[in-house]
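Undergrad: Got a file for you: query18.tsv, TSV, C-alpha atoms.
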chain	number	residue	atom	x	y	z
M	1087	MET	CA	94.39	117.17	123.46
M	1088	ASN	CA	91.16	115.18	123.22
M	1089	SER	CA	90.87	116.24	119.61
M	1090	VAL	CA	94.36	114.92	118.84
M	1091	LYS	CA	93.54	111.59	120.54
M	1092	ARG	CA	90.33	111.37	118.54
M	1093	TYR	CA	92.14	112.01	115.27
M	1094	VAL	CA	94.83	109.45	116.09
M	1095	ARG	CA	92.09	106.87	116.73
M	1096	ILE	CA	90.31	107.77	113.47
M	1097	TRP	CA	93.61	107.59	111.55
M	1098	TRP	CA	94.37	104.21	113.11
M	1099	LYS	CA	90.96	102.80	112.09
M	1100	LEU	CA	91.29	104.18	108.54
M	1101	THR	CA	94.80	102.76	108.30
M	1102	MET	CA	93.73	99.32	109.45
M	1103	SER	CA	90.88	99.29	106.89
M	1104	SER	CA	93.28	100.40	104.17
M	1105	PHE	CA	95.78	97.67	105.11
M	1106	MET	CA	93.03	95.02	104.93
M	1107	ILE	CA	91.93	96.26	101.48
M	1108	SER	CA	95.51	96.36	100.18
M	1109	LEU	CA	96.32	92.87	101.40
M	1110	LEU	CA	93.08	91.39	100.05
M	1111	SER	CA	94.89	90.26	96.91
M	1112	ARG	CA	98.09	88.48	97.92
M	1113	PHE	CA	99.22	88.30	94.29
M	1114	ASN	CA	98.99	92.09	93.95
M	1115	ALA	CA	100.76	92.66	97.26
M	1116	VAL	CA	103.66	90.32	96.43
M	1117	VAL	CA	104.15	91.74	92.92
M	1118	PHE	CA	104.02	95.35	94.15
M	1119	PHE	CA	106.45	94.57	96.96
M	1120	ALA	CA	108.84	92.86	94.53
M	1121	GLY	CA	108.54	95.86	92.19
M	1122	LYS	CA	109.40	98.32	94.93
M	1123	PHE	CA	112.41	96.30	96.00
M	1124	LEU	CA	113.65	95.84	92.43
M	1125	ARG	CA	113.23	99.54	91.72
M	1126	PHE	CA	115.49	100.28	94.69
M	1127	LEU	CA	117.97	97.58	93.66
M	1128	PHE	CA	118.21	98.59	90.00
M	1129	PHE	CA	119.07	102.21	90.77
M	1130	LEU	CA	121.60	101.04	93.35
M	1131	VAL	CA	123.20	98.84	90.68
M	1132	PHE	CA	123.31	101.88	88.39
M	1133	LEU	CA	125.05	103.98	91.08
M	1134	LEU	CA	127.53	101.20	91.84
M	1135	THR	CA	128.22	100.78	88.12
M	1136	VAL	CA	128.92	104.50	87.73
M	1137	PHE	CA	131.39	104.33	90.63
M	1138	THR	CA	133.30	101.48	89.04
M	1139	ARG	CA	134.32	104.05	86.41
M	1140	THR	CA	134.93	107.13	88.55
M	1141	GLU	CA	136.19	107.94	92.06
M	1142	SER	CA	133.73	110.74	92.75
M	1143	LEU	CA	130.79	112.66	91.30
M	1144	ALA	CA	130.60	116.42	92.01
M	1145	GLY	CA	132.98	115.74	94.90
M	1146	TYR	CA	130.87	112.97	96.45
M	1147	THR	CA	132.20	109.45	96.96
M	1148	GLY	CA	130.25	106.30	96.16
M	1149	SER	CA	129.31	105.76	99.83
M	1150	GLN	CA	128.06	109.34	100.12
M	1151	MET	CA	125.96	108.92	96.96
M	1152	ILE	CA	124.43	105.75	98.37
M	1153	PHE	CA	123.62	107.61	101.59
M	1154	PHE	CA	121.87	110.34	99.54
M	1155	TYR	CA	119.94	107.65	97.70
M	1156	LEU	CA	118.94	105.87	100.91
M	1157	SER	CA	117.82	109.15	102.49
M	1158	PHE	CA	115.72	109.82	99.39
M	1159	ASN	CA	114.11	106.39	99.68
M	1160	LEU	CA	113.41	106.90	103.37
M	1161	ILE	CA	111.52	110.18	102.79
M	1162	ASP	CA	109.82	108.93	99.63
M	1163	THR	CA	108.64	105.73	101.29
M	1164	VAL	CA	107.23	107.47	104.37
M	1165	THR	CA	105.50	109.94	102.06
M	1166	GLN	CA	103.90	107.18	99.98
M	1167	LEU	CA	103.02	105.20	103.09
M	1168	LEU	CA	101.14	108.11	104.63
M	1169	PHE	CA	99.64	109.86	101.59
M	1170	ARG	CA	98.53	107.00	99.33
M	1171	GLU	CA	94.92	108.16	99.67
M	1172	VAL	CA	95.73	111.26	97.58
M	1173	TYR	CA	96.07	108.93	94.57
M	1174	ARG	CA	92.40	107.96	95.03
M	1175	PHE	CA	91.04	111.48	95.41
M	1176	ARG	CA	89.84	112.08	91.85
M	1177	PRO	CA	87.03	109.46	91.89
M	1178	LEU	CA	85.73	111.08	95.10
M	1179	ILE	CA	85.53	114.46	93.37
M	1180	VAL	CA	84.03	113.40	90.02
M	1181	SER	CA	81.43	111.14	91.66
M	1182	GLY	CA	80.48	113.68	94.30
M	1183	ASP	CA	81.38	111.24	97.09
M	1184	PHE	CA	83.63	113.89	98.61
M	1185	ASP	CA	80.38	115.27	100.09
M	1186	PHE	CA	80.42	112.34	102.53
M	1187	ALA	CA	83.84	113.40	103.78
M	1188	LEU	CA	82.62	116.98	104.20
M	1189	VAL	CA	79.56	116.15	106.29
M	1190	LYS	CA	81.47	114.01	108.80
M	1191	PRO	CA	82.48	115.68	112.10
M	1192	MET	CA	86.18	115.55	111.25
M	1193	SER	CA	88.67	117.37	109.07
M	1194	PRO	CA	88.05	116.46	105.40
M	1195	LEU	CA	91.74	117.14	104.73
M	1196	LEU	CA	92.76	114.42	107.17
M	1197	ARG	CA	90.36	111.99	105.51
M	1198	VAL	CA	91.61	112.54	101.96
M	1199	LEU	CA	95.27	113.06	102.84
M	1200	VAL	CA	96.09	110.24	105.24
M	1201	GLY	CA	92.94	108.12	105.13
M	1202	GLY	CA	94.50	105.21	103.22
M	1203	ALA	CA	98.05	104.28	104.27
M	1204	ASP	CA	99.94	101.78	102.11
M	1205	PRO	CA	101.13	98.63	103.93
M	1206	LEU	CA	103.55	97.72	101.14
M	1207	ASP	CA	105.58	100.86	101.81
M	1208	LEU	CA	105.51	100.02	105.50
M	1209	GLY	CA	107.10	96.69	104.57
M	1210	MET	CA	110.02	98.50	102.89
M	1211	LEU	CA	110.55	100.96	105.75
M	1212	PRO	CA	112.53	98.74	108.21
M	1213	PHE	CA	114.89	97.86	105.37
M	1214	TYR	CA	115.56	101.51	104.49
M	1215	ILE	CA	115.98	102.55	108.13
M	1216	SER	CA	118.48	99.73	108.73
M	1217	ALA	CA	120.36	100.60	105.52
M	1218	VAL	CA	120.51	104.32	106.47
M	1219	ILE	CA	121.86	103.48	109.95
M	1220	TYR	CA	124.43	101.08	108.46
M	1221	MET	CA	125.63	103.56	105.82
M	1222	ALA	CA	125.67	106.42	108.36
M	1223	GLY	CA	127.99	104.33	110.54
M	1224	ARG	CA	130.24	103.55	107.56
M	1225	LEU	CA	130.48	107.19	106.48
M	1226	GLY	CA	131.93	108.17	109.84
M	1227	TYR	CA	130.12	111.48	110.41
M	1228	VAL	CA	128.18	110.18	113.41
M	1229	SER	CA	127.83	112.87	116.06
M	1230	GLY	CA	124.93	114.05	118.19
M	1231	ILE	CA	124.48	117.34	116.34
M	1232	ASN	CA	124.69	115.72	112.87
M	1233	ILE	CA	122.05	113.14	113.81
M	1234	VAL	CA	119.75	115.82	115.27
M	1235	PHE	CA	120.04	117.98	112.13
M	1236	TYR	CA	119.55	114.93	109.90
M	1237	VAL	CA	116.36	113.86	111.69
M	1238	LEU	CA	115.00	117.43	111.86
M	1239	LEU	CA	115.64	117.97	108.15
M	1240	LEU	CA	114.00	114.62	107.34
M	1241	VAL	CA	110.93	115.88	109.23
M	1242	ASN	CA	111.20	119.17	107.30
M	1243	GLY	CA	111.30	117.14	104.07
M	1244	LEU	CA	108.15	115.32	105.12
M	1245	ILE	CA	106.46	118.63	105.88
M	1246	ILE	CA	107.32	119.92	102.38
M	1247	SER	CA	106.08	116.64	100.90
M	1248	THR	CA	102.84	117.00	102.87
M	1249	GLY	CA	102.49	120.46	101.33
M	1250	PHE	CA	102.93	119.08	97.82
M	1251	HIS	CA	100.20	116.50	98.44
M	1252	ILE	CA	97.86	119.15	99.82
M	1253	LEU	CA	98.48	121.21	96.66
M	1254	VAL	CA	97.57	118.17	94.53
M	1255	LEU	CA	94.34	117.77	96.52
M	1256	ALA	CA	93.53	121.46	96.06
M	1257	LEU	CA	94.13	121.11	92.33
M	1258	GLY	CA	91.86	118.05	92.38
M	1259	ILE	CA	88.98	120.17	93.68
M	1260	LEU	CA	89.63	123.13	91.38
M	1261	ALA	CA	90.33	121.23	88.16
M	1262	THR	CA	89.29	117.58	88.89
M	1263	GLU	CA	92.90	116.77	88.01
M	1264	VAL	CA	94.91	114.54	90.34
M	1265	ASP	CA	96.51	111.66	88.43
M	1266	HIS	CA	98.76	113.69	86.16
M	1267	ALA	CA	99.64	116.19	88.88
M	1268	ILE	CA	100.80	113.36	91.14
M	1269	MET	CA	102.75	111.80	88.25
M	1270	ILE	CA	104.54	115.11	87.65
M	1271	PHE	CA	105.23	115.34	91.39
M	1272	ARG	CA	106.69	111.80	91.35
M	1273	ASP	CA	108.90	112.59	88.34
M	1274	VAL	CA	110.19	115.81	89.91
M	1275	ILE	CA	110.79	114.09	93.25
M	1276	ASN	CA	112.72	111.28	91.53
M	1277	MET	CA	115.30	113.88	90.49
M	1278	GLY	CA	116.25	113.90	94.18
M	1279	ARG	CA	117.60	110.34	94.00
M	1280	ILE	CA	120.97	111.97	93.47
M	1281	PRO	CA	122.13	115.19	95.22
M	1282	THR	CA	120.83	118.28	93.45
M	1283	ASP	CA	124.43	119.59	93.35
M	1284	LEU	CA	124.94	117.28	90.36
M	1285	TYR	CA	122.57	119.30	88.17
M	1286	HIS	CA	123.72	122.36	86.24
M	1287	GLU	CA	122.44	125.87	86.92
M	1288	PRO	CA	119.70	127.11	86.66
M	1289	LEU	CA	118.13	123.65	87.20
M	1290	ARG	CA	120.03	123.22	90.48
M	1291	SER	CA	118.58	126.42	91.98
M	1292	VAL	CA	115.10	125.61	90.67
M	1293	LEU	CA	115.29	122.15	92.28
M	1294	THR	CA	116.55	123.60	95.55
M	1295	PHE	CA	114.47	126.73	96.07
M	1296	VAL	CA	111.51	126.76	93.65
M	1297	LEU	CA	110.53	123.08	93.65
M	1298	PRO	CA	112.23	122.33	96.96
M	1299	VAL	CA	113.36	118.81	96.02
M	1300	GLY	CA	116.85	119.63	97.24
M	1301	LEU	CA	115.53	120.81	100.59
M	1302	MET	CA	113.51	117.62	100.94
M	1303	MET	CA	115.97	115.03	99.69
M	1304	THR	CA	119.52	116.42	99.54
M	1305	PHE	CA	119.72	118.72	102.58
M	1306	PRO	CA	119.18	116.06	105.30
M	1307	ALA	CA	122.10	113.95	104.06
M	1308	LYS	CA	124.27	117.05	103.53
M	1309	ALA	CA	123.55	118.21	107.09
M	1310	PHE	CA	124.50	114.77	108.39
M	1311	MET	CA	127.83	115.01	106.56
M	1312	GLY	CA	128.41	118.48	107.99
M	1313	LEU	CA	128.24	120.08	104.52
M	1314	LEU	CA	125.43	122.51	105.29
M	1315	SER	CA	125.89	125.86	107.04
M	1316	PRO	CA	123.68	126.67	110.07
M	1317	TRP	CA	122.11	129.46	108.01
M	1318	MET	CA	121.07	127.06	105.27
M	1319	ILE	CA	119.60	124.71	107.88
M	1320	LEU	CA	117.62	127.59	109.38
M	1321	PHE	CA	116.59	128.71	105.91
M	1322	SER	CA	115.29	125.18	105.16
M	1323	PHE	CA	113.04	125.19	108.21
M	1324	VAL	CA	111.69	128.67	107.43
M	1325	LEU	CA	111.00	127.71	103.81
M	1326	GLY	CA	109.38	124.42	104.89
M	1327	LEU	CA	107.11	126.25	107.30
M	1328	LEU	CA	106.23	128.93	104.77
M	1329	PHE	CA	105.51	126.30	102.13
M	1330	ILE	CA	103.10	124.29	104.29
M	1331	VAL	CA	101.26	127.48	105.38
M	1332	LEU	CA	100.80	128.50	101.74
M	1333	CYS	CA	99.62	124.99	100.82
M	1334	LEU	CA	97.04	125.02	103.62
M	1335	LYS	CA	95.80	128.38	102.38
M	1336	ALA	CA	95.51	126.92	98.87
M	1337	TRP	CA	93.50	124.00	100.28
M	1338	ARG	CA	91.12	126.33	102.13
M	1339	PHE	CA	90.63	128.38	98.96
M	1340	ALA	CA	89.97	125.23	96.90
M	1341	LEU	CA	87.48	123.99	99.48
M	1342	SER	CA	85.59	127.28	99.24
M	1343	GLN	CA	85.27	126.70	95.47
M	1344	TYR	CA	84.04	123.09	95.77
M	1345	SER	CA	80.75	122.34	94.09
M	1346	SER	CA	79.44	118.82	94.38
M	1347	ALA	CA	78.99	116.60	91.32
M	1348	SER	CA	76.10	114.25	90.88
M	1349	SER	CA	76.90	110.60	90.29
H	447	MET	CA	125.06	115.21	68.62
H	448	ILE	CA	122.99	115.75	65.46
H	449	GLN	CA	123.17	112.89	62.97
H	450	THR	CA	123.73	114.09	59.41
H	451	ASN	CA	124.00	110.70	57.67
H	452	ILE	CA	120.62	110.17	56.02
H	453	VAL	CA	121.02	106.36	56.01
H	454	MET	CA	121.59	106.35	59.77
H	455	ILE	CA	118.58	108.64	60.30
H	456	LEU	CA	116.36	106.30	58.23
H	457	LEU	CA	117.69	103.23	60.02
H	458	ALA	CA	117.15	104.89	63.43
H	459	PHE	CA	113.60	105.78	62.37
H	460	ALA	CA	112.96	102.15	61.34
H	461	ALA	CA	114.40	100.95	64.67
H	462	LEU	CA	112.15	103.43	66.50
H	463	ILE	CA	109.06	102.13	64.68
H	464	MET	CA	110.12	98.58	65.57
H	465	GLY	CA	110.55	99.64	69.21
H	466	MET	CA	107.09	101.22	69.24
H	467	ILE	CA	105.46	98.08	67.82
H	468	LEU	CA	107.34	95.94	70.33
H	469	PHE	CA	106.23	98.17	73.22
H	470	PHE	CA	102.65	98.07	71.93
H	471	TYR	CA	102.52	94.26	71.94
H	472	PHE	CA	104.30	94.07	75.28
H	473	SER	CA	101.79	96.48	76.80
H	474	LEU	CA	98.89	94.66	75.11
H	475	LEU	CA	99.96	91.36	76.63
H	476	LEU	CA	100.00	92.92	80.08
H	477	SER	CA	96.47	94.25	79.51
H	478	TYR	CA	95.27	90.78	78.47
H	479	MET	CA	95.95	89.61	82.03
H	480	GLY	CA	92.62	91.30	82.78
H	481	PHE	CA	90.86	88.27	81.25
H	482	TRP	CA	92.03	86.13	84.18
H	483	THR	CA	92.53	88.54	87.07
H	484	PRO	CA	91.31	92.02	88.02
H	485	ASP	CA	94.79	92.69	89.46
H	486	VAL	CA	96.43	94.11	86.35
H	487	TRP	CA	98.07	97.17	87.87
H	488	ALA	CA	100.71	95.32	89.92
H	489	PRO	CA	102.28	93.45	86.94
H	490	ARG	CA	102.23	96.70	84.96
H	491	PHE	CA	104.07	98.47	87.78
H	492	LEU	CA	106.65	95.67	87.82
H	493	SER	CA	107.05	96.02	84.05
H	494	PHE	CA	107.68	99.79	84.46
H	495	VAL	CA	110.46	98.98	86.93
H	496	PHE	CA	112.13	96.56	84.51
H	497	ALA	CA	111.59	98.89	81.58
H	498	GLU	CA	113.11	101.90	83.39
H	499	PHE	CA	116.31	99.94	83.94
H	500	PHE	CA	116.60	97.80	80.81
H	501	THR	CA	115.41	100.19	78.07
H	502	GLY	CA	118.36	102.50	78.52
H	503	ALA	CA	116.08	105.42	79.32
H	504	LEU	CA	117.88	106.04	82.62
H	505	PHE	CA	121.46	105.53	81.43
H	506	PRO	CA	123.36	103.99	78.50
H	507	LEU	CA	123.24	100.23	78.94
H	508	ASP	CA	126.81	99.67	77.79
H	509	ILE	CA	128.16	101.03	81.09
H	510	LEU	CA	126.75	97.91	82.77
H	511	SER	CA	128.98	94.96	83.58
H	512	ALA	CA	129.30	92.41	80.76
H	513	PRO	CA	126.87	89.82	82.25
H	514	LEU	CA	124.19	92.45	82.96
H	515	TYR	CA	124.65	93.98	79.51
H	516	PHE	CA	124.19	90.52	78.01
H	517	VAL	CA	120.97	90.08	80.02
H	518	SER	CA	119.71	93.49	78.83
H	519	GLN	CA	120.44	92.54	75.20
H	520	SER	CA	118.39	89.38	75.58
H	521	LEU	CA	115.26	91.29	76.65
H	522	PRO	CA	112.78	93.09	74.38
H	523	PHE	CA	113.25	96.33	76.42
H	524	PHE	CA	116.66	96.72	74.74
H	525	TYR	CA	114.90	97.52	71.45
H	526	PHE	CA	112.47	100.09	72.91
H	527	ILE	CA	114.91	102.98	73.30
H	528	TYR	CA	118.55	101.89	73.54
H	529	PHE	CA	118.89	100.24	70.12
H	530	PRO	CA	117.25	103.09	68.11
H	531	LEU	CA	119.42	105.62	69.95
H	532	LYS	CA	122.64	103.71	69.32
H	533	VAL	CA	121.72	103.46	65.62
H	534	TYR	CA	120.99	107.20	65.50
H	535	LEU	CA	124.31	108.01	67.19
H	536	GLY	CA	126.14	105.85	64.65
H	537	GLN	CA	127.82	103.86	67.40
H	538	LEU	CA	126.98	100.41	66.00
H	539	SER	CA	128.79	98.49	63.28
H	540	SER	CA	126.84	97.35	60.20
H	541	LEU	CA	126.84	93.81	61.53
H	542	ALA	CA	125.51	94.94	64.95
H	543	ILE	CA	122.72	96.92	63.22
H	544	ILE	CA	121.68	93.91	61.09
H	545	GLN	CA	121.86	91.66	64.16
H	546	GLY	CA	119.82	94.16	66.19
H	547	PHE	CA	117.09	94.41	63.55
H	548	PHE	CA	117.01	90.63	63.21
H	549	VAL	CA	116.60	90.00	66.97
H	550	GLY	CA	114.19	92.92	67.32
H	551	LEU	CA	112.01	91.57	64.51
H	552	LEU	CA	112.10	88.11	66.07
H	553	TRP	CA	110.84	89.64	69.32
H	554	THR	CA	108.14	91.59	67.44
H	555	VAL	CA	106.87	88.52	65.58
H	556	GLY	CA	107.11	86.44	68.77
H	557	LEU	CA	105.13	88.93	70.85
H	558	TRP	CA	102.57	89.41	68.05
H	559	GLY	CA	102.04	85.64	67.81
H	560	PHE	CA	101.90	85.24	71.56
H	561	ALA	CA	99.41	88.14	71.84
H	562	ARG	CA	97.12	86.42	69.29
H	563	ILE	CA	97.20	83.16	71.28
H	564	VAL	CA	96.57	84.94	74.59
H	565	TRP	CA	93.70	86.94	73.08
H	566	THR	CA	92.00	83.74	71.84
H	567	GLN	CA	92.50	82.02	75.18
H	568	GLY	CA	91.40	85.16	77.02
H	569	LEU	CA	88.11	85.35	75.12
H	570	ARG	CA	87.39	81.77	76.18
H	571	ALA	CA	88.14	82.59	79.81
H	572	TYR	CA	86.17	85.85	79.78
H	573	THR	CA	83.17	86.10	82.08
H	574	ALA	CA	81.07	89.25	82.28
H	575	GLU	CA	80.86	90.86	85.67
H	576	GLY	CA	77.98	92.94	87.00
H	577	LYS	CA	78.65	96.29	88.57
Could you render the structure as structure tokens?

TA:
Amino acid sequence: MNSVKRYVRIWWKLTMSSFMISLLSRFNAVVFFAGKFLRFLFFLVFLLTVFTRTESLAGYTGSQMIFFYLSFNLIDTVTQLLFREVYRFRPLIVSGDFDFALVKPMSPLLRVLVGGADPLDLGMLPFYISAVIYMAGRLGYVSGINIVFYVLLLVNGLIISTGFHILVLALGILATEVDHAIMIFRDVINMGRIPTDLYHEPLRSVLTFVLPVGLMMTFPAKAFMGLLSPWMILFSFVLGLLFIVLCLKAWRFALSQYSSASS
Amino acid sequence: MIQTNIVMILLAFAALIMGMILFFYFSLLLSYMGFWTPDVWAPRFLSFVFAEFFTGALFPLDILSAPLYFVSQSLPFFYFIYFPLKVYLGQLSSLAIIQGFFVGLLWTVGLWGFARIVWTQGLRAYTAEGK
């Protein structure tokens, strides 16, 4: 318990430092924030434009598609808010500065995974949460069990996302490669802006079970709409758990292979 | 669809080259911001957001509403991907192709000229920084 308290305090201090660094340049902060909002808006305009020409896509109405898109943004934003430090991992490895994280009396994984939260994503979060609640109310599937499954599957999505970021860190140690791996991750994840049911086979199965984008992004909204069987919900949790265990094993293996670099 | 008309293929190739030159000068101008501010990544990110939407890489621009389509046509992004693809697909009239090349070339010359001015001004503003 004391250890958890200690880590929460460390995370809080690291987060505050990261926020101060990020907000040092107001110009940067404003432009980034505007970019994030416009990115959301442009894709929404695209979805709305598509639904001016058709009633439904793969059986989903316009409101349902927007709910999928909002759920995607919610998970994606929390992920980027928490794991921004992963994007800065490569310089630590190639300069040898990762040694400083290893010698500290704390988990190095915590330091490099969540040691630099992004305040700009935090700024977008209240907007997405409000929009999800509003759209959920409009869809009319609101019931206790649907909300519980939705929230639990969102958490499951975050766990899978955590696993992906741990894998990127492990790859960073083994191959000093982070930037491109995270770009590939971002591109794959962006395929979850629309429900994975819209893709043809075998891509749909790959996106659902191999690269579990569907589990992360599509399943929470489907569970909320009552479109997911209890077995699939259970399967999602088992796969999420299995995935994070494997990613942690990969991290431990990578750490055992780490050899410091001189600066 | 595979285009078999050699004229269309050549025109699409020319439009693609024009798009590449346009993108080069657009990207160069963004980099020149480094003369005045170290914060060059944020404007670049914003440009990616605009480019993703207005180049037609995400979806065909002609599904947009008429006012938005007009806005997209007025921007250089239109000539990065959408215009070469439409030429390749043979979905533009001869007049629209001539018009597209004319506006695209205007953008190219404009961005080239602007990049030269910004480069000259940037060199004057440049100050070396220690590490």

Undergrad: I'd like the contact shell of Leu1211 of chain M - 10 Å cut-off, all atoms listed in the file, skipping same-chain residues fewer than 5 positions apart - returned as a VMD selection string.

TA: chain M and resid 1159 to 1161 1163 to 1164 1167 1205 to 1206 1216 to 1217

Undergrad: For chain M versus chain H, which residues have an atom no more than 8 Å away, and what is each residue's nearest atom pair and distance in Å rounded to one decimal, using only C-alpha atoms, chain-then-number order, as CSV?

TA:
residue,atom,partner,partner_atom,distance
M:Ser1111,CA,H:Asp485,CA,7.8
M:Phe1113,CA,H:Asp485,CA,7.9
M:Asn1114,CA,H:Ala488,CA,5.4
M:Ala1115,CA,H:Ala488,CA,7.8
M:Val1117,CA,H:Ala488,CA,5.8
M:Phe1118,CA,H:Ala488,CA,5.4
M:Ala1120,CA,H:Leu492,CA,7.6
M:Gly1121,CA,H:Leu492,CA,4.8
M:Leu1124,CA,H:Val495,CA,7.1
M:Arg1125,CA,H:Val495,CA,5.6
M:Phe1128,CA,H:Phe499,CA,6.5
M:Phe1129,CA,H:Phe499,CA,7.7
M:Phe1132,CA,H:Leu510,CA,7.7
M:Thr1135,CA,H:Leu510,CA,6.2
M:Val1136,CA,H:Ile509,CA,7.5

Undergrad: So that I can see what lies close to Val1172 of chain M, please list as a PyMOL selection string the residues with an atom at most 9 Å from it, counting all atoms listed in the file and leaving out residues fewer than 5 positions away in the same chain.

TA: chain M and resi 1198-1202+1251-1252+1254-1255+1264+1268

Undergrad: For a test of reading the model, state the distance in Å between atom CA of Leu541 of chain H and atom CA of Ser473 of chain H, rounded to one decimal.

TA: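 About the pair atom CA of Leu541 of chain H and atom CA of Ser473 of chain H: they are 29.5 Å apart.
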
Undergrad: If you measure from atom CA of Tyr1155 of chain M to atom CA of Met1221 of chain M, what distance in Å do you get, rounded to one decimal?

TA: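 Separating atom CA of Tyr1155 of chain M from atom CA of Met1221 of chain M is a distance of 10.7 Å.
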
Undergrad: What lies within 9 Å of Ile1215 of chain M using only C-alpha atoms, ignoring chain neighbours under 4 positions off, as a list in words?

TA: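 The neighbour list is Leu1156, Ser1157, Leu1160, Met1210, Leu1211, Ile1219 and Tyr1220 of chain M.
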
Undergrad: Could you model all heavy atoms for segment 482-488 of chain H and present them as a compact mmCIF listing (two decimals), in the frame of the given file?

TA:
# COMPACT_ATOMS: atom_id res chain seq x y z
N TRP H 482 91.94 87.14 83.12
CA TRP H 482 92.03 86.13 84.18
C TRP H 482 91.99 86.71 85.59
O TRP H 482 91.60 86.04 86.51
CB TRP H 482 93.31 85.31 84.01
CG TRP H 482 93.26 84.41 82.82
CD1 TRP H 482 92.74 83.15 82.78
CD2 TRP H 482 93.72 84.69 81.50
NE1 TRP H 482 92.85 82.63 81.51
CE2 TRP H 482 93.45 83.55 80.69
CE3 TRP H 482 94.34 85.78 80.90
CZ2 TRP H 482 93.77 83.48 79.35
CZ3 TRP H 482 94.66 85.71 79.56
CH2 TRP H 482 94.38 84.58 78.80
N THR H 483 92.48 87.96 85.73
CA THR H 483 92.53 88.54 87.07
C THR H 483 92.23 90.04 87.01
O THR H 483 92.63 90.71 86.04
CB THR H 483 93.93 88.33 87.71
OG1 THR H 483 94.01 89.11 88.91
CG2 THR H 483 95.07 88.73 86.79
N PRO H 484 91.53 90.57 88.01
CA PRO H 484 91.31 92.02 88.02
C PRO H 484 92.58 92.78 88.45
O PRO H 484 92.65 94.00 88.32
CB PRO H 484 90.19 92.21 89.05
CG PRO H 484 90.27 91.02 89.94
CD PRO H 484 90.84 89.90 89.12
N ASP H 485 93.57 92.04 88.96
CA ASP H 485 94.79 92.69 89.46
C ASP H 485 95.79 92.90 88.34
O ASP H 485 96.78 92.17 88.21
CB ASP H 485 95.44 91.83 90.57
CG ASP H 485 94.47 91.57 91.69
OD1 ASP H 485 93.66 92.45 91.99
OD2 ASP H 485 94.51 90.47 92.26
N VAL H 486 95.54 93.89 87.49
CA VAL H 486 96.43 94.11 86.35
C VAL H 486 97.45 95.21 86.61
O VAL H 486 98.44 95.34 85.89
CB VAL H 486 95.65 94.44 85.05
CG1 VAL H 486 94.92 93.23 84.55
CG2 VAL H 486 94.71 95.61 85.27
N TRP H 487 97.20 96.01 87.63
CA TRP H 487 98.07 97.17 87.87
C TRP H 487 99.43 96.75 88.42
O TRP H 487 100.46 97.33 88.05
CB TRP H 487 97.35 98.16 88.78
CG TRP H 487 98.16 99.39 89.07
CD1 TRP H 487 98.47 99.89 90.29
CD2 TRP H 487 98.80 100.28 88.13
NE1 TRP H 487 99.25 101.01 90.18
CE2 TRP H 487 99.47 101.28 88.86
CE3 TRP H 487 98.87 100.31 86.73
CZ2 TRP H 487 100.21 102.29 88.24
CZ3 TRP H 487 99.62 101.32 86.13
CH2 TRP H 487 100.26 102.29 86.88
N ALA H 488 99.44 95.73 89.30
CA ALA H 488 100.71 95.32 89.92
C ALA H 488 101.72 94.79 88.88
O ALA H 488 102.87 95.24 88.86
CB ALA H 488 100.45 94.29 91.01
